[in-house]
Amino acid sequence: MTSPIIDLADVTVRYGANGTLALSSTDLRIEQGEFVALVGPSGCGKSTILKLVAGLLQPSSGGLIVAGRESPAGAVRIGLAFQNPTMMPWLNIRDNVMMPLKIVQPYRQDYAKKKRGEYAERAEALLAQVGLAGMGDKRPWQLSGGMLQRASLCRALIHEPQLLLLDEPFGALDSFTREELWALTQQLWLDKKPTVLLVTHDLREAAYLATRICVMTSRPGRILEDRAVDFPRPRTLEMSYAPEFASLVQGLRMRIAEARTAPVALVPTRPEKVAA
Amino acid sequence: MNPAMSPRLRQQLLSLSALVGFFVLWEMACIASGVSDLILPRPSQIAHVLYDKMPLMWPHAVQTLNTTLIGFGLGVLIGILLGLLIGSSRTAYDVAYPLLVGFSSIPKVAVVPIFVVWFGSGTVPAILTSMVISIFPVVVNVATGLANTEPELEDVLKVLGARKRDILWNVALPRALPYLFASLKIAITLAFVGTVLAETVASNKGIGNLMMIASGNFDVPMVFAGLVILAVLGVILYAISSWVEQRMTGWAQRKNDLAMG
């Protein structure tokens with residue numbers, strides 16, 4: 001077997017001066033090309049794992065390896081989308097989408113040369129793919145929340161990342177838009193097969209999109225259950241109402257309910273006993 | 001009201017009539033009360049002086065304008081550099097902020113005598129005063145703008161492996177631009193104050209100096225004519241910086257064209 005693209009070994013994360021334990025001795029291995037969903041009660045450290053993998057956060061202890069390197073920055077091309085679209089208000093949508101090409105190698109060196117030609121076309125093509133054809137010249141404030149979230153997905157994808165990190169990207173959207181974007185995300189994943197780490201609290205979303213679902217306990221978080229999802233692809237919304245789909249979602253829901261009610265027994269040590 | 005008139009035009013007409021009304025009222029009040037022109041000259045007298053003495057006053061106006069612009073330019077340049085330095089890190093911001101507030105709360109009139117001691121009276125103290133006075137709003141605003149960058153916007157770039165310079169250039173600076181331009185409008189007005197102040201105290205040229213001499217000669221209409229020139233110059237400079245602000249940071253003031261979207 002090849003070495004995993006993401007390998008968290010016994011990782012612990014503490015926040016702030018008093019050392020609030022956000023993540024306690026977590027192990028997580030993700031293989032190239034997997035679509036992993038992290039689900040769990042709020043505040044369980046889902047986003048913490050995502051930030052670790054993105055290199056925005058250092059583990060307090062334990063080992064973190066992304067694509068064979070200890071610091072994720074520069075190890076792989078990473079695409080990131082948050083719950084907020086986080087568009088730069090001073091740029092139009094096309095320039096926002098093209099931002100990764102301006103920063104990431106090998107695109108960076110040609111940016112000045114290709115930003116009006118090849119790169120702009122690429123951004124427009126991607127925008128068209130998510131239903132935003134001709135919106136490139138608009139400013140972020142002229143678009144609705146759902147449209148901005150699509151643009152944000154485009155920005156996460158334009159540099160063809162090997163690793164796509166999604167932090168509740170559809171959390172703030174209405175359910176119609178959300179389901180539409182599920183289908184879109186699945187298609188994009190099937191096309192390019194990046195490794196995806198999706199943080200969500202929507203269990204149907206996780207079951208629809210993921211190849212694997214990891215259920216986390218509440219704070220301090222750790223992974224409680226790791227379950228493969230082998231529904232055939234491409235999955236459809238109709239399938240999400242099938243009995244086996246519903247029973248998977250129901251099963252996950254029960255696990256999370258457990259995680260919420262009985263977290264105390266899972267805490268290994270009191271925080272102050274562990275050196276920060 | 002005429003419905004065909006656009007709200008913008010109507011607003012401009014109202015502003016204009018308020019301005020004209022102010023002078024008419026002033027004129028009439030002077031005539032009605034019979035107040036001496038040694039106390040309060042009528043607007044028509046001031047206009048007359050302006051027309052008659054313009055060849056005399058013009059070089060002074062140019063002098064004041066140049067001094068202000070040079071002082072303002074230097075002040076903004078130094079202000080931006082200091083602001084970048086202070087705003088670039090949280091620690092620098094926390095350390096330098098009290099110092100900055102301390103310095104900026106010194107009344108700038110108090111520094112004019114020091115400049116006169118150092119450089120003698122003339123144009124130099126005036127330039128320095130207007131420079132010193134315009135530095136602080138710029139520093140404070142640029143530093144605040146940089147320090148207030150949304151961390152999520154930075155994260156988007158950090159994940160891509162962006163260098164510190166990339167983040168400064170692509171996120172922090174554009175984010176700080178509206179703050180900078182807001183401060184320019186304040187700074188240009190203050191620079192003007194600084195110049196006139198220094199000219200009044202220690203110079204032999206400029207509108208400030210002209211007004212000092214005129215008031216010494218009890219030529220009150222001339223003093224008021226100086227005031228009018230200052231007001232006009234001030235309004236023009238403010239309008240220019242306001243226009244530049246609109247051009248550069250339209251994205252931060254989008255209320256007015258929201259309907260276009």
# chains A, B, ... in the order shown; residues from 1 in each chain; ligands from 1

call {"tool": "select_by_dssp", "arguments": {"residues": "range 149-228 of chain A", "states": "strand (DSSP E or B)", "output": "short mmCIF file (atom, residue, chain, number, x, y, z; two decimals) with C-alpha atoms, in the first residue's frame"}}
result
data_model
loop_
_atom_site.label_atom_id
_atom_site.label_comp_id
_atom_site.auth_asym_id
_atom_site.auth_seq_id
_atom_site.Cartn_x
_atom_site.Cartn_y
_atom_site.Cartn_z
CA LEU A 163 -5.82 18.05 -1.37
CA LEU A 164 -9.18 19.78 -1.00
CA LEU A 165 -10.20 20.97 2.46
CA LEU A 166 -13.84 21.94 2.96
CA ASP A 167 -14.95 23.43 6.27
CA THR A 195 -8.17 13.84 -1.77
CA VAL A 196 -10.99 15.60 0.06
CA LEU A 197 -11.42 16.29 3.75
CA LEU A 198 -14.91 17.61 4.44
CA VAL A 199 -15.94 18.95 7.83
CA ARG A 212 -15.46 7.32 4.50
CA ILE A 213 -17.06 8.99 7.50
CA CYS A 214 -15.25 9.66 10.76
CA VAL A 215 -17.43 10.38 13.79
CA MET A 216 -15.82 12.49 16.50
CA GLY A 221 -12.22 15.53 20.34
CA ILE A 223 -12.25 9.85 16.47
CA LEU A 224 -14.94 7.52 17.80
CA GLU A 225 -15.88 5.64 14.70
CA ASP A 226 -14.50 5.27 11.21
CA ARG A 227 -16.98 3.95 8.69
CA ALA A 228 -16.62 3.26 4.96
#

call {"tool": "residues_around", "arguments": {"residues": "Ser242 in chain B", "least_positions_apart": "6", "cutoff": "12 Å", "atoms": "only C-alpha atoms", "output": "list in words"}}
result
Pro178, Leu180, Phe181, Ala182, Ser183, Leu184, Lys185, Ile186, Ala187, Ile188, Thr189, Val235, Ile236, Met248, Thr249, Gly250 and Gln253 of chain B

call {"tool": "write_last_selection", "arguments": {"atoms": "all heavy atoms", "output": "compact mmCIF listing (two decimals), in the first residue's frame"}}
result
# COMPACT_ATOMS: atom_id res chain seq x y z
N PRO B 178 -8.84 51.66 2.29
CA PRO B 178 -9.92 52.58 2.69
C PRO B 178 -9.56 53.36 3.95
O PRO B 178 -9.88 54.54 4.06
CB PRO B 178 -11.10 51.65 2.97
CG PRO B 178 -10.80 50.40 2.25
CD PRO B 178 -9.32 50.27 2.20
N LEU B 180 -6.53 54.21 4.80
CA LEU B 180 -5.55 55.21 4.39
C LEU B 180 -6.24 56.42 3.78
O LEU B 180 -5.96 57.56 4.15
CB LEU B 180 -4.57 54.60 3.38
CG LEU B 180 -3.64 55.60 2.69
CD1 LEU B 180 -2.69 56.24 3.70
CD2 LEU B 180 -2.85 54.95 1.57
N PHE B 181 -7.17 56.17 2.85
CA PHE B 181 -7.80 57.29 2.16
C PHE B 181 -8.69 58.11 3.09
O PHE B 181 -8.76 59.32 2.96
CB PHE B 181 -8.56 56.81 0.94
CG PHE B 181 -7.64 56.54 -0.21
CD1 PHE B 181 -7.37 55.25 -0.61
CD2 PHE B 181 -6.99 57.59 -0.83
CE1 PHE B 181 -6.50 55.01 -1.65
CE2 PHE B 181 -6.11 57.35 -1.87
CZ PHE B 181 -5.87 56.06 -2.28
N ALA B 182 -9.34 57.43 4.03
CA ALA B 182 -10.12 58.17 5.02
C ALA B 182 -9.19 59.11 5.78
O ALA B 182 -9.53 60.26 6.07
CB ALA B 182 -10.81 57.21 5.97
N SER B 183 -7.98 58.63 6.07
CA SER B 183 -7.05 59.46 6.85
C SER B 183 -6.48 60.59 5.99
O SER B 183 -6.14 61.64 6.51
CB SER B 183 -5.91 58.60 7.41
OG SER B 183 -4.98 58.29 6.39
N LEU B 184 -6.38 60.40 4.67
CA LEU B 184 -5.86 61.46 3.82
C LEU B 184 -6.75 62.70 3.87
O LEU B 184 -6.27 63.83 3.89
CB LEU B 184 -5.72 60.99 2.37
CG LEU B 184 -4.66 59.94 2.09
CD1 LEU B 184 -4.45 59.79 0.61
CD2 LEU B 184 -3.35 60.29 2.78
N LYS B 185 -8.06 62.46 3.90
CA LYS B 185 -8.99 63.60 3.96
C LYS B 185 -8.79 64.39 5.25
O LYS B 185 -8.84 65.62 5.26
CB LYS B 185 -10.44 63.10 3.87
CG LYS B 185 -10.83 62.69 2.47
CD LYS B 185 -12.32 62.61 2.29
CE LYS B 185 -12.94 61.54 3.14
NZ LYS B 185 -14.32 61.24 2.75
N ILE B 186 -8.56 63.66 6.34
CA ILE B 186 -8.30 64.34 7.61
C ILE B 186 -6.96 65.03 7.55
O ILE B 186 -6.80 66.19 7.95
CB ILE B 186 -8.31 63.32 8.78
CG1 ILE B 186 -9.64 62.56 8.81
CG2 ILE B 186 -8.04 64.00 10.10
CD1 ILE B 186 -9.64 61.38 9.75
N ALA B 187 -5.95 64.31 7.02
CA ALA B 187 -4.59 64.83 7.03
C ALA B 187 -4.46 66.10 6.20
O ALA B 187 -3.76 67.04 6.59
CB ALA B 187 -3.62 63.76 6.54
N ILE B 188 -5.13 66.16 5.04
CA ILE B 188 -4.97 67.33 4.18
C ILE B 188 -5.54 68.58 4.86
O ILE B 188 -4.96 69.65 4.80
CB ILE B 188 -5.60 67.10 2.78
CG1 ILE B 188 -5.22 68.20 1.80
CG2 ILE B 188 -7.11 67.04 2.83
CD1 ILE B 188 -3.86 68.06 1.22
N THR B 189 -6.64 68.40 5.57
CA THR B 189 -7.23 69.52 6.29
C THR B 189 -6.29 69.98 7.41
O THR B 189 -6.07 71.16 7.62
CB THR B 189 -8.59 69.11 6.91
OG1 THR B 189 -9.23 68.23 6.01
CG2 THR B 189 -9.46 70.29 7.15
N VAL B 235 -11.30 73.60 0.56
CA VAL B 235 -12.37 72.83 -0.08
C VAL B 235 -11.82 72.09 -1.31
O VAL B 235 -12.12 70.91 -1.53
CB VAL B 235 -13.55 73.74 -0.46
CG1 VAL B 235 -14.51 73.02 -1.40
CG2 VAL B 235 -14.28 74.21 0.79
N ILE B 236 -11.00 72.79 -2.10
CA ILE B 236 -10.44 72.15 -3.32
C ILE B 236 -9.60 70.94 -2.94
O ILE B 236 -9.75 69.85 -3.51
CB ILE B 236 -9.60 73.17 -4.13
CG1 ILE B 236 -10.52 74.22 -4.75
CG2 ILE B 236 -8.81 72.45 -5.21
CD1 ILE B 236 -9.78 75.36 -5.41
N MET B 248 -10.18 54.98 -5.88
CA MET B 248 -9.31 53.89 -5.45
C MET B 248 -10.03 52.84 -4.63
O MET B 248 -9.68 51.67 -4.67
CB MET B 248 -8.14 54.45 -4.63
CG MET B 248 -7.26 55.40 -5.39
SD MET B 248 -6.32 54.57 -6.68
CE MET B 248 -5.14 53.64 -5.71
N THR B 249 -11.01 53.25 -3.85
CA THR B 249 -11.62 52.29 -2.92
C THR B 249 -13.13 52.28 -3.04
O THR B 249 -13.83 52.22 -2.05
CB THR B 249 -11.22 52.58 -1.46
OG1 THR B 249 -11.73 53.89 -1.15
CG2 THR B 249 -9.73 52.58 -1.27
N GLY B 250 -13.61 52.30 -4.29
CA GLY B 250 -15.05 52.26 -4.51
C GLY B 250 -15.70 51.04 -3.88
O GLY B 250 -16.84 51.09 -3.45
N GLN B 253 -17.17 51.57 -0.49
CA GLN B 253 -18.29 52.51 -0.30
C GLN B 253 -19.31 52.23 -1.37
O GLN B 253 -19.56 53.04 -2.23
CB GLN B 253 -17.82 53.96 -0.44
CG GLN B 253 -16.46 54.19 0.11
CD GLN B 253 -15.82 55.39 -0.55
OE1 GLN B 253 -16.33 55.96 -1.49
NE2 GLN B 253 -14.68 55.77 -0.04

call {"tool": "interface_residues", "arguments": {"of": "chain A", "to": "chain B", "cutoff": "10 Å", "atoms": "only C-alpha atoms", "output": "number ranges by chain"}}
result
A: 51, 53-56, 72-82, 84-92, 99-105, 138-143, 155-156, 159, 161, 165

call {"tool": "select_by_dssp", "arguments": {"residues": "range 26-173 of chain A", "states": "helix (DSSP H, G or I)", "output": "PyMOL selection string"}}
result
chain A and resi 46-54+93-103+108-114+118-129+140-142+145-157

call {"tool": "decode", "arguments": {"residues": "range 30-177 of chain A", "atoms": "C-alpha atoms", "output": "compact mmCIF listing (two decimals), in the first residue's frame"}}
result
# COMPACT_ATOMS: atom_id res chain seq x y z
CA ILE A 30 -6.22 9.31 4.76
CA GLU A 31 -5.15 7.68 1.50
CA GLN A 32 -4.68 9.45 -1.79
CA GLY A 33 -8.00 10.03 -3.57
CA GLU A 34 -10.28 9.38 -0.60
CA PHE A 35 -13.26 11.59 0.23
CA VAL A 36 -13.36 11.70 4.01
CA ALA A 37 -16.12 13.42 5.98
CA LEU A 38 -15.54 14.44 9.60
CA VAL A 39 -18.78 14.66 11.54
CA GLY A 40 -19.49 15.25 15.20
CA PRO A 41 -21.12 17.55 17.73
CA SER A 42 -20.17 21.22 17.52
CA GLY A 43 -16.90 22.14 19.19
CA CYS A 44 -15.53 18.61 18.84
CA GLY A 45 -12.40 19.64 17.01
CA LYS A 46 -13.44 18.88 13.44
CA SER A 47 -12.20 22.23 12.22
CA THR A 48 -9.08 21.83 14.34
CA ILE A 49 -8.12 18.73 12.34
CA LEU A 50 -8.74 20.62 9.14
CA LYS A 51 -6.57 23.52 10.27
CA LEU A 52 -3.81 21.09 11.23
CA VAL A 53 -3.85 19.52 7.80
CA ALA A 54 -3.93 22.95 6.17
CA GLY A 55 -0.87 23.99 8.15
CA LEU A 56 -2.72 26.84 9.85
CA LEU A 57 -2.18 25.24 13.25
CA GLN A 58 0.66 23.30 14.87
CA PRO A 59 -0.02 20.18 16.93
CA SER A 60 0.90 20.57 20.61
CA SER A 61 2.17 16.99 20.56
CA GLY A 62 2.10 14.00 18.26
CA GLY A 63 3.06 13.57 14.65
CA LEU A 64 1.51 15.16 11.60
CA ILE A 65 2.62 14.21 8.12
CA VAL A 66 1.06 15.60 4.96
CA ALA A 67 2.29 14.17 1.67
CA GLY A 68 5.45 12.85 3.28
CA ARG A 69 6.38 16.15 4.90
CA GLU A 70 5.98 17.53 8.39
CA SER A 71 4.91 21.02 7.33
CA PRO A 72 1.87 21.00 5.04
CA ALA A 73 2.66 24.41 3.53
CA GLY A 74 4.21 23.79 0.16
CA ALA A 75 4.08 19.99 0.49
CA VAL A 76 0.97 19.64 -1.66
CA ARG A 77 -1.30 21.99 -3.53
CA ILE A 78 -4.13 22.63 -1.12
CA GLY A 79 -7.55 24.07 -1.93
CA LEU A 80 -9.61 25.48 0.90
CA ALA A 81 -13.22 26.61 1.24
CA PHE A 82 -14.82 27.85 4.43
CA GLN A 83 -18.41 28.27 5.52
CA ASN A 84 -17.99 31.96 4.64
CA PRO A 85 -17.03 32.57 1.04
CA THR A 86 -14.22 34.95 2.18
CA MET A 87 -14.01 36.71 -1.16
CA MET A 88 -11.73 39.76 -1.35
CA PRO A 89 -14.18 42.65 -1.80
CA TRP A 90 -11.68 44.73 -3.79
CA LEU A 91 -11.40 42.14 -6.57
CA ASN A 92 -14.02 41.00 -9.03
CA ILE A 93 -15.14 37.38 -9.00
CA ARG A 94 -12.73 36.26 -11.72
CA ASP A 95 -9.72 37.78 -9.97
CA ASN A 96 -10.86 36.23 -6.71
CA VAL A 97 -11.04 32.82 -8.34
CA MET A 98 -7.63 33.33 -9.95
CA MET A 99 -5.96 34.25 -6.65
CA PRO A 100 -4.40 30.77 -6.08
CA LEU A 101 -2.76 30.95 -9.52
CA LYS A 102 -1.08 34.15 -8.39
CA ILE A 103 0.42 32.46 -5.34
CA VAL A 104 1.02 28.78 -6.10
CA GLN A 105 3.85 27.34 -8.17
CA PRO A 106 4.08 26.45 -11.05
CA TYR A 107 1.30 28.89 -12.03
CA ARG A 108 2.82 31.80 -10.17
CA GLN A 109 5.76 32.39 -12.50
CA ASP A 110 3.47 32.84 -15.52
CA TYR A 111 0.79 34.83 -13.75
CA ALA A 112 1.67 38.24 -15.16
CA LYS A 113 1.82 36.77 -18.67
CA LYS A 114 -1.28 34.59 -18.60
CA LYS A 115 -3.67 36.36 -16.26
CA ARG A 116 -5.58 37.96 -19.14
CA GLY A 117 -5.46 34.95 -21.43
CA GLU A 118 -5.22 31.34 -20.39
CA TYR A 119 -5.83 31.81 -16.67
CA ALA A 120 -8.83 34.08 -17.15
CA GLU A 121 -10.35 31.57 -19.56
CA ARG A 122 -9.75 28.81 -17.09
CA ALA A 123 -11.50 30.78 -14.35
CA GLU A 124 -14.43 31.53 -16.64
CA ALA A 125 -14.71 27.86 -17.63
CA LEU A 126 -14.76 26.80 -13.99
CA LEU A 127 -17.32 29.49 -13.14
CA ALA A 128 -19.49 28.28 -16.01
CA GLN A 129 -19.23 24.74 -14.68
CA VAL A 130 -20.74 25.82 -11.35
CA GLY A 131 -23.45 27.87 -13.05
CA LEU A 132 -21.82 31.27 -12.80
CA ALA A 133 -21.15 31.86 -16.50
CA GLY A 134 -20.53 35.54 -17.24
CA MET A 135 -20.31 36.51 -13.57
CA GLY A 136 -16.53 37.01 -13.63
CA ASP A 137 -16.75 40.80 -13.86
CA LYS A 138 -19.19 41.14 -10.98
CA ARG A 139 -18.07 42.29 -7.57
CA PRO A 140 -18.58 39.97 -4.60
CA TRP A 141 -21.31 42.14 -3.05
CA GLN A 142 -23.39 41.85 -6.22
CA LEU A 143 -23.77 38.08 -5.78
CA SER A 144 -26.02 36.08 -3.46
CA GLY A 145 -24.68 33.83 -0.71
CA GLY A 146 -25.11 30.69 -2.79
CA MET A 147 -23.36 32.22 -5.79
CA LEU A 148 -20.46 33.37 -3.63
CA GLN A 149 -20.11 29.89 -2.20
CA ARG A 150 -19.89 28.49 -5.73
CA ALA A 151 -17.23 31.06 -6.55
CA SER A 152 -15.42 30.06 -3.38
CA LEU A 153 -15.45 26.43 -4.57
CA CYS A 154 -13.98 27.57 -7.87
CA ARG A 155 -11.20 29.35 -6.04
CA ALA A 156 -10.50 26.18 -4.06
CA LEU A 157 -10.26 24.16 -7.29
CA ILE A 158 -8.63 26.38 -9.90
CA HIS A 159 -5.06 25.33 -9.15
CA GLU A 160 -6.06 21.64 -9.36
CA PRO A 161 -5.23 20.88 -5.73
CA GLN A 162 -4.19 17.40 -4.70
CA LEU A 163 -5.82 18.05 -1.37
CA LEU A 164 -9.18 19.78 -1.00
CA LEU A 165 -10.20 20.97 2.46
CA LEU A 166 -13.84 21.94 2.96
CA ASP A 167 -14.95 23.43 6.27
CA GLU A 168 -18.76 23.30 6.30
CA PRO A 169 -18.80 24.91 2.87
CA PHE A 170 -22.54 24.53 2.41
CA GLY A 171 -23.52 25.24 6.02
CA ALA A 172 -24.94 28.71 5.42
CA LEU A 173 -26.99 27.81 2.33
CA ASP A 174 -30.63 26.92 1.80
CA SER A 175 -31.31 23.22 1.32
CA PHE A 176 -32.01 23.40 -2.44
CA THR A 177 -28.74 25.17 -3.18
